[in-house]
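Chemist: Following this message is one structure expressed as structure tokens.
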Amino acid sequence: MDKTYKGSCFCGAVQLTVNGAPAGMGYCHCESCRKWSAGPVNAFTLWPPEAVKVTKGADQIGTYKKTETSHRKWCKTCGGHLMTDHPGMGLVDVYAATIPDFPFAAGIHVHYGETKLRITDGLPKMKDLPKEMGGSGIGVPD
Ligand SMILES: [Zn+2]
Ligand SMILES: [Zn+2]
């Protein structure tokens, strides 16, 4: 359970580790993730902040906050995305793509009400977020 996985940005200037097991993982279909990442869907893994350690290039990390709920972080050298702090949730979303060795296994799709890419994988789909994450808890079909 306390296995450590290494991750990095696109160029390698920023390196980090995650330790243990995430609080949740899945796919986010929200407009904000789509606009910021320029990709249709964001694969997320949510960790308690103490499980995420930047091991190299902390001074290379830029942060952008459109709102206080999401502090989006990227590498200033390559522009590659790293993670998003969610202070309200008390969790850090380390993008699955940032930690390629971590055995990502999605459990849920969130903000599926905003999807531009339907994924008919049979996993639970939330219109926005589960109740325990501050959402409506309303499920929607594949
Ligand atoms: Zn980089
Ligand atoms: Zn999102």
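Scheme for the structure tokens: letters A, B, ... for chains in order shown; per-chain residue numbers from 1; ligand numbers from 1 in order shown.
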Could you list, as a PyMOL selection string, all residues that come within 10 Å of ligand 1? Count only C-alpha atoms and all ligand atoms.

Modeler: chain A and resi 8-15+57+60-61+74-82

Chemist: Can you write out the residues you just picked, keeping N, CA and C atoms, as a CSV table (one decimal), in the first residue's frame?

Modeler:
```csv
chain,number,residue,atom,x,y,z
A,8,SER,N,6.9,12.7,-13.9
A,8,SER,CA,7.6,13.9,-14.4
A,8,SER,C,6.7,14.6,-15.4
A,9,CYS,N,7.2,15.8,-15.7
A,9,CYS,CA,6.6,16.6,-16.7
A,9,CYS,C,7.1,16.1,-18.1
A,10,PHE,N,6.7,16.7,-19.2
A,10,PHE,CA,7.1,16.3,-20.5
A,10,PHE,C,8.6,16.3,-20.7
A,11,CYS,N,9.3,17.3,-20.2
A,11,CYS,CA,10.7,17.4,-20.4
A,11,CYS,C,11.6,16.8,-19.4
A,12,GLY,N,11.0,16.5,-18.2
A,12,GLY,CA,11.8,15.9,-17.1
A,12,GLY,C,12.4,16.9,-16.1
A,13,ALA,N,12.2,18.2,-16.4
A,13,ALA,CA,12.7,19.2,-15.4
A,13,ALA,C,12.1,19.1,-14.1
A,14,VAL,N,10.8,18.8,-14.1
A,14,VAL,CA,10.1,18.6,-12.8
A,14,VAL,C,9.8,17.1,-12.6
A,15,GLN,N,10.2,16.6,-11.5
A,15,GLN,CA,10.0,15.2,-11.1
A,15,GLN,C,9.3,15.1,-9.8
A,57,GLY,N,13.0,20.2,-9.4
A,57,GLY,CA,12.5,21.3,-10.2
A,57,GLY,C,11.3,22.0,-9.6
A,60,GLN,N,10.5,25.2,-11.0
A,60,GLN,CA,10.0,25.3,-12.4
A,60,GLN,C,8.5,25.1,-12.5
A,61,ILE,N,7.8,25.0,-11.3
A,61,ILE,CA,6.4,24.8,-11.4
A,61,ILE,C,5.7,26.1,-11.4
A,74,TRP,N,2.0,23.4,-13.8
A,74,TRP,CA,2.6,22.9,-15.0
A,74,TRP,C,4.1,23.3,-14.9
A,75,CYS,N,4.9,22.7,-15.8
A,75,CYS,CA,6.3,22.9,-15.9
A,75,CYS,C,6.6,24.2,-16.8
A,76,LYS,N,7.3,25.1,-16.2
A,76,LYS,CA,7.6,26.4,-16.9
A,76,LYS,C,8.6,26.2,-18.1
A,77,THR,N,9.3,25.1,-18.0
A,77,THR,CA,10.3,24.8,-19.1
A,77,THR,C,9.6,24.3,-20.4
A,78,CYS,N,8.8,23.2,-20.2
A,78,CYS,CA,8.2,22.6,-21.3
A,78,CYS,C,6.7,22.9,-21.5
A,79,GLY,N,6.1,23.4,-20.5
A,79,GLY,CA,4.6,23.7,-20.5
A,79,GLY,C,3.8,22.5,-20.2
A,80,GLY,N,4.4,21.4,-19.9
A,80,GLY,CA,3.7,20.1,-19.7
A,80,GLY,C,2.9,20.2,-18.3
A,81,HIS,N,1.7,19.7,-18.3
A,81,HIS,CA,0.9,19.8,-17.2
A,81,HIS,C,1.3,18.7,-16.1
A,82,LEU,N,1.1,19.0,-14.9
A,82,LEU,CA,1.6,18.1,-13.8
A,82,LEU,C,0.4,17.7,-12.9
```

Chemist: Using only C-alpha atoms and all ligand atoms, find each protein or nucleic acid residue lying at most 6 Å from ligand 2; present the set as a VMD selection string.

Modeler: chain A and resid 28 to 30 32 to 33

Chemist: With N, CA and C atoms retained, could you export that selection as an mmCIF file, in the first residue's frame?

Modeler:
```cif
data_model
loop_
_atom_site.group_PDB
_atom_site.id
_atom_site.type_symbol
_atom_site.label_atom_id
_atom_site.label_comp_id
_atom_site.auth_asym_id
_atom_site.auth_seq_id
_atom_site.Cartn_x
_atom_site.Cartn_y
_atom_site.Cartn_z
ATOM 1 N N CYS A 28 -12.345 13.014 -15.901
ATOM 2 C CA CYS A 28 -13.132 14.239 -15.792
ATOM 3 C C CYS A 28 -13.427 14.768 -17.190
ATOM 4 N N HIS A 29 -14.708 15.062 -17.408
ATOM 5 C CA HIS A 29 -15.169 15.547 -18.717
ATOM 6 C C HIS A 29 -15.521 17.032 -18.675
ATOM 7 N N CYS A 30 -15.072 17.769 -17.672
ATOM 8 C CA CYS A 30 -15.530 19.159 -17.525
ATOM 9 C C CYS A 30 -14.886 20.083 -18.545
ATOM 10 N N SER A 32 -13.585 22.971 -18.002
ATOM 11 C CA SER A 32 -12.331 23.570 -17.522
ATOM 12 C C SER A 32 -11.145 22.672 -17.833
ATOM 13 N N CYS A 33 -11.265 21.374 -17.543
ATOM 14 C CA CYS A 33 -10.178 20.441 -17.864
ATOM 15 C C CYS A 33 -9.921 20.439 -19.372
#
```

Chemist: Name the closest residue to Leu46 (chain A) among the candidates A:Gly139, A:Gly20, A:Pro100, A:Gly134; distances are taken between atoms, counting only C-alpha atoms.

Modeler: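 Between A:Gly139, A:Gly20, A:Pro100, A:Gly134, the residue approaching Leu46 (chain A) most closely is A:Gly20.
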
Chemist: Can you list, as a PyMOL selection string, every protein, DNA or RNA residue that comes within 7 Å of His71 (chain A) when you count only C-alpha atoms, leaving out same-chain residues fewer than 5 positions away?

Modeler: chain A and resi 63-65+84-86

Chemist: Give the alpha helix (DSSP H) residues of chain A, as assigned by DSSP on the backbone, as a VMD selection string.

Modeler: chain A and resid 31 to 37

Chemist: Quick one: write out the picked residues with N, CA, C and O atoms as a PDB file, in the first residue's frame?

Modeler:
```
ATOM      1  N   GLU A  31     -15.583  21.184 -18.773  1.00  0.00           N
ATOM      2  CA  GLU A  31     -15.123  22.194 -19.735  1.00  0.00           C
ATOM      3  C   GLU A  31     -13.783  22.796 -19.300  1.00  0.00           C
ATOM      4  O   GLU A  31     -12.923  23.080 -20.151  1.00  0.00           O
ATOM      5  N   SER A  32     -13.585  22.971 -18.002  1.00  0.00           N
ATOM      6  CA  SER A  32     -12.331  23.570 -17.522  1.00  0.00           C
ATOM      7  C   SER A  32     -11.145  22.672 -17.833  1.00  0.00           C
ATOM      8  O   SER A  32     -10.112  23.133 -18.335  1.00  0.00           O
ATOM      9  N   CYS A  33     -11.265  21.374 -17.543  1.00  0.00           N
ATOM     10  CA  CYS A  33     -10.178  20.441 -17.864  1.00  0.00           C
ATOM     11  C   CYS A  33      -9.921  20.439 -19.372  1.00  0.00           C
ATOM     12  O   CYS A  33      -8.778  20.415 -19.814  1.00  0.00           O
ATOM     13  N   ARG A  34     -11.019  20.471 -20.123  1.00  0.00           N
ATOM     14  CA  ARG A  34     -10.876  20.412 -21.593  1.00  0.00           C
ATOM     15  C   ARG A  34     -10.158  21.645 -22.124  1.00  0.00           C
ATOM     16  O   ARG A  34      -9.225  21.538 -22.913  1.00  0.00           O
ATOM     17  N   LYS A  35     -10.567  22.822 -21.663  1.00  0.00           N
ATOM     18  CA  LYS A  35      -9.946  24.058 -22.142  1.00  0.00           C
ATOM     19  C   LYS A  35      -8.475  24.133 -21.748  1.00  0.00           C
ATOM     20  O   LYS A  35      -7.624  24.537 -22.531  1.00  0.00           O
ATOM     21  N   TRP A  36      -8.200  23.749 -20.484  1.00  0.00           N
ATOM     22  CA  TRP A  36      -6.829  23.922 -20.015  1.00  0.00           C
ATOM     23  C   TRP A  36      -5.900  22.890 -20.638  1.00  0.00           C
ATOM     24  O   TRP A  36      -4.778  23.202 -20.998  1.00  0.00           O
ATOM     25  N   SER A  37      -6.375  21.653 -20.753  1.00  0.00           N
ATOM     26  CA  SER A  37      -5.494  20.586 -21.247  1.00  0.00           C
ATOM     27  C   SER A  37      -5.495  20.494 -22.765  1.00  0.00           C
ATOM     28  O   SER A  37      -4.614  19.859 -23.339  1.00  0.00           O
TER      29      SER A  37
END
```

Chemist: Pick the closest to Thr45 (chain A) from A:Thr67, A:Thr120, A:Thr115, A:Thr98: which is it, counting only C-alpha atoms?

Modeler: A:Thr98

Chemist: Please provide as a ChimeraX atom specification all residues within 10 Å of Glu50 (chain A), with the sequence filter that same-chain residues fewer than 4 positions apart are discarded (counting only C-alpha atoms).

Modeler: /A:18-19,91-92

Chemist: Those selected residues, please, written with C-alpha atoms and delivered as a compact mmCIF listing (two decimals), in the first residue's frame.

Modeler:
```txt
# COMPACT_ATOMS: atom_id res chain seq x y z
CA VAL A 18 3.26 9.68 -5.26
CA ASN A 19 3.07 7.29 -2.35
CA LEU A 91 -6.76 16.56 -2.41
CA VAL A 92 -4.26 16.87 -5.24
```

Chemist: Excluding Tyr27 (chain A) and any residue of its chain fewer than 4 positions from it, enumerate the residues within 12 Å of it, using only C-alpha atoms, and give them as a ChimeraX atom specification.

Modeler: /A:33-34,39-46,93,95-97,104-112,115,117-119,121,123-126,128-129

Chemist: The selected residues should be written to file as a compact mmCIF listing (two decimals), in the first residue's frame (atoms: N, CA, C and O atoms).

Modeler:
```txt
# COMPACT_ATOMS: atom_id res chain seq x y z
N CYS A 33 -11.26 21.37 -17.54
CA CYS A 33 -10.18 20.44 -17.86
C CYS A 33 -9.92 20.44 -19.37
O CYS A 33 -8.78 20.41 -19.81
N ARG A 34 -11.02 20.47 -20.12
CA ARG A 34 -10.88 20.41 -21.59
C ARG A 34 -10.16 21.65 -22.12
O ARG A 34 -9.23 21.54 -22.91
N GLY A 39 -7.37 18.70 -24.32
CA GLY A 39 -7.72 17.31 -24.61
C GLY A 39 -9.17 17.09 -24.22
O GLY A 39 -9.70 17.83 -23.39
N PRO A 40 -9.84 16.10 -24.80
CA PRO A 40 -11.27 15.92 -24.56
C PRO A 40 -11.63 15.48 -23.14
O PRO A 40 -12.72 15.77 -22.65
N VAL A 41 -10.73 14.76 -22.49
CA VAL A 41 -11.01 14.15 -21.19
C VAL A 41 -9.72 14.20 -20.37
O VAL A 41 -8.63 14.09 -20.92
N ASN A 42 -9.84 14.38 -19.06
CA ASN A 42 -8.67 14.36 -18.18
C ASN A 42 -8.72 13.14 -17.27
O ASN A 42 -9.68 12.96 -16.52
N ALA A 43 -7.70 12.29 -17.34
CA ALA A 43 -7.60 11.14 -16.43
C ALA A 43 -6.95 11.62 -15.14
O ALA A 43 -5.82 12.11 -15.15
N PHE A 44 -7.68 11.49 -14.02
CA PHE A 44 -7.21 12.04 -12.75
C PHE A 44 -6.94 10.95 -11.71
O PHE A 44 -7.56 9.89 -11.74
N THR A 45 -5.99 11.24 -10.82
CA THR A 45 -5.80 10.44 -9.61
C THR A 45 -5.72 11.43 -8.45
O THR A 45 -4.96 12.40 -8.52
N LEU A 46 -6.51 11.23 -7.43
CA LEU A 46 -6.61 12.18 -6.31
C LEU A 46 -5.87 11.65 -5.09
O LEU A 46 -6.12 10.52 -4.65
N ASP A 93 -4.93 16.44 -7.52
CA ASP A 93 -5.12 15.62 -8.72
C ASP A 93 -3.80 15.57 -9.46
O ASP A 93 -3.37 16.56 -10.05
N TYR A 95 -2.30 14.12 -12.63
CA TYR A 95 -2.85 13.54 -13.86
C TYR A 95 -2.23 12.18 -14.10
O TYR A 95 -1.03 11.98 -13.93
N ALA A 96 -3.06 11.24 -14.53
CA ALA A 96 -2.57 9.88 -14.76
C ALA A 96 -1.39 9.89 -15.73
O ALA A 96 -0.44 9.11 -15.58
N ALA A 97 -1.41 10.81 -16.69
CA ALA A 97 -0.33 10.88 -17.68
C ALA A 97 0.99 11.32 -17.06
O ALA A 97 2.07 11.06 -17.62
N PHE A 104 -3.08 2.91 -13.17
CA PHE A 104 -4.32 3.68 -13.23
C PHE A 104 -5.50 2.75 -13.52
O PHE A 104 -5.45 1.95 -14.45
N ALA A 105 -6.54 2.87 -12.71
CA ALA A 105 -7.76 2.08 -12.92
C ALA A 105 -8.94 2.97 -12.59
O ALA A 105 -9.26 3.20 -11.42
N ALA A 106 -9.57 3.51 -13.62
CA ALA A 106 -10.67 4.46 -13.42
C ALA A 106 -11.82 3.78 -12.69
O ALA A 106 -12.16 2.63 -12.97
N GLY A 107 -12.44 4.53 -11.76
CA GLY A 107 -13.61 4.01 -11.06
C GLY A 107 -14.88 4.77 -11.40
O GLY A 107 -15.98 4.30 -11.11
N ILE A 108 -14.71 5.94 -12.02
CA ILE A 108 -15.87 6.83 -12.21
C ILE A 108 -15.56 7.85 -13.30
O ILE A 108 -14.39 8.16 -13.56
N HIS A 109 -16.62 8.33 -13.93
CA HIS A 109 -16.51 9.49 -14.83
C HIS A 109 -17.24 10.65 -14.16
O HIS A 109 -18.40 10.49 -13.75
N VAL A 110 -16.59 11.81 -14.04
CA VAL A 110 -17.23 12.98 -13.43
C VAL A 110 -17.45 14.08 -14.46
O VAL A 110 -16.77 14.12 -15.49
N HIS A 111 -18.41 14.96 -14.15
CA HIS A 111 -18.82 16.04 -15.07
C HIS A 111 -19.19 15.49 -16.45
O HIS A 111 -18.95 16.13 -17.47
N TYR A 112 -19.81 14.30 -16.45
CA TYR A 112 -20.17 13.67 -17.72
C TYR A 112 -21.28 14.45 -18.43
O TYR A 112 -21.47 14.32 -19.63
N THR A 115 -19.77 16.25 -21.29
CA THR A 115 -18.86 15.48 -22.14
C THR A 115 -18.92 15.86 -23.61
O THR A 115 -19.97 16.24 -24.14
N LEU A 117 -16.90 13.61 -25.41
CA LEU A 117 -16.39 12.31 -25.87
C LEU A 117 -17.02 11.23 -25.00
O LEU A 117 -16.54 10.95 -23.90
N ARG A 118 -18.10 10.65 -25.47
CA ARG A 118 -18.77 9.62 -24.69
C ARG A 118 -17.89 8.38 -24.65
O ARG A 118 -17.28 8.00 -25.65
N ILE A 119 -17.81 7.78 -23.46
CA ILE A 119 -16.98 6.59 -23.28
C ILE A 119 -17.89 5.51 -22.68
O ILE A 119 -18.26 5.57 -21.50
N ASP A 121 -17.96 2.58 -21.28
CA ASP A 121 -17.19 1.53 -20.62
C ASP A 121 -17.94 0.90 -19.45
O ASP A 121 -17.40 0.06 -18.74
N LEU A 123 -18.67 2.13 -16.63
CA LEU A 123 -18.37 2.70 -15.31
C LEU A 123 -19.43 3.72 -14.93
O LEU A 123 -20.10 4.29 -15.80
N PRO A 124 -19.60 3.98 -13.63
CA PRO A 124 -20.56 5.00 -13.20
C PRO A 124 -20.23 6.36 -13.81
O PRO A 124 -19.06 6.73 -13.92
N LYS A 125 -21.29 7.08 -14.20
CA LYS A 125 -21.13 8.41 -14.80
C LYS A 125 -21.90 9.41 -13.93
O LYS A 125 -23.09 9.24 -13.69
N MET A 126 -21.22 10.46 -13.51
CA MET A 126 -21.85 11.51 -12.72
C MET A 126 -22.13 12.72 -13.59
O MET A 126 -21.26 13.13 -14.37
N ASP A 128 -22.31 15.73 -12.51
CA ASP A 128 -21.22 16.61 -12.09
C ASP A 128 -20.27 15.82 -11.18
O ASP A 128 -19.40 15.12 -11.67
N LEU A 129 -20.48 15.94 -9.86
CA LEU A 129 -19.60 15.23 -8.94
C LEU A 129 -20.42 14.40 -7.97
O LEU A 129 -21.59 14.69 -7.73
```

Chemist: When you draw a straight line from CA of Ala58 (chain A) to CA of Met133 (chain A), how long is it in Å?

Modeler: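 CA of Met133 (chain A) lies at a distance of 28.4 Å from CA of Ala58 (chain A).
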
Chemist: Which value, in Å to one decimal, gives the distance between CA of Ala21 (chain A) and CA of Gly7 (chain A)?

Modeler: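 Between CA of Ala21 (chain A) and CA of Gly7 (chain A) the gap works out to 14.8 Å.
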
Chemist: Quick check, in Å to one decimal: how far apart do CA of Gly135 (chain A) and CA of Met25 (chain A) lie?

Modeler: 16.0 Å
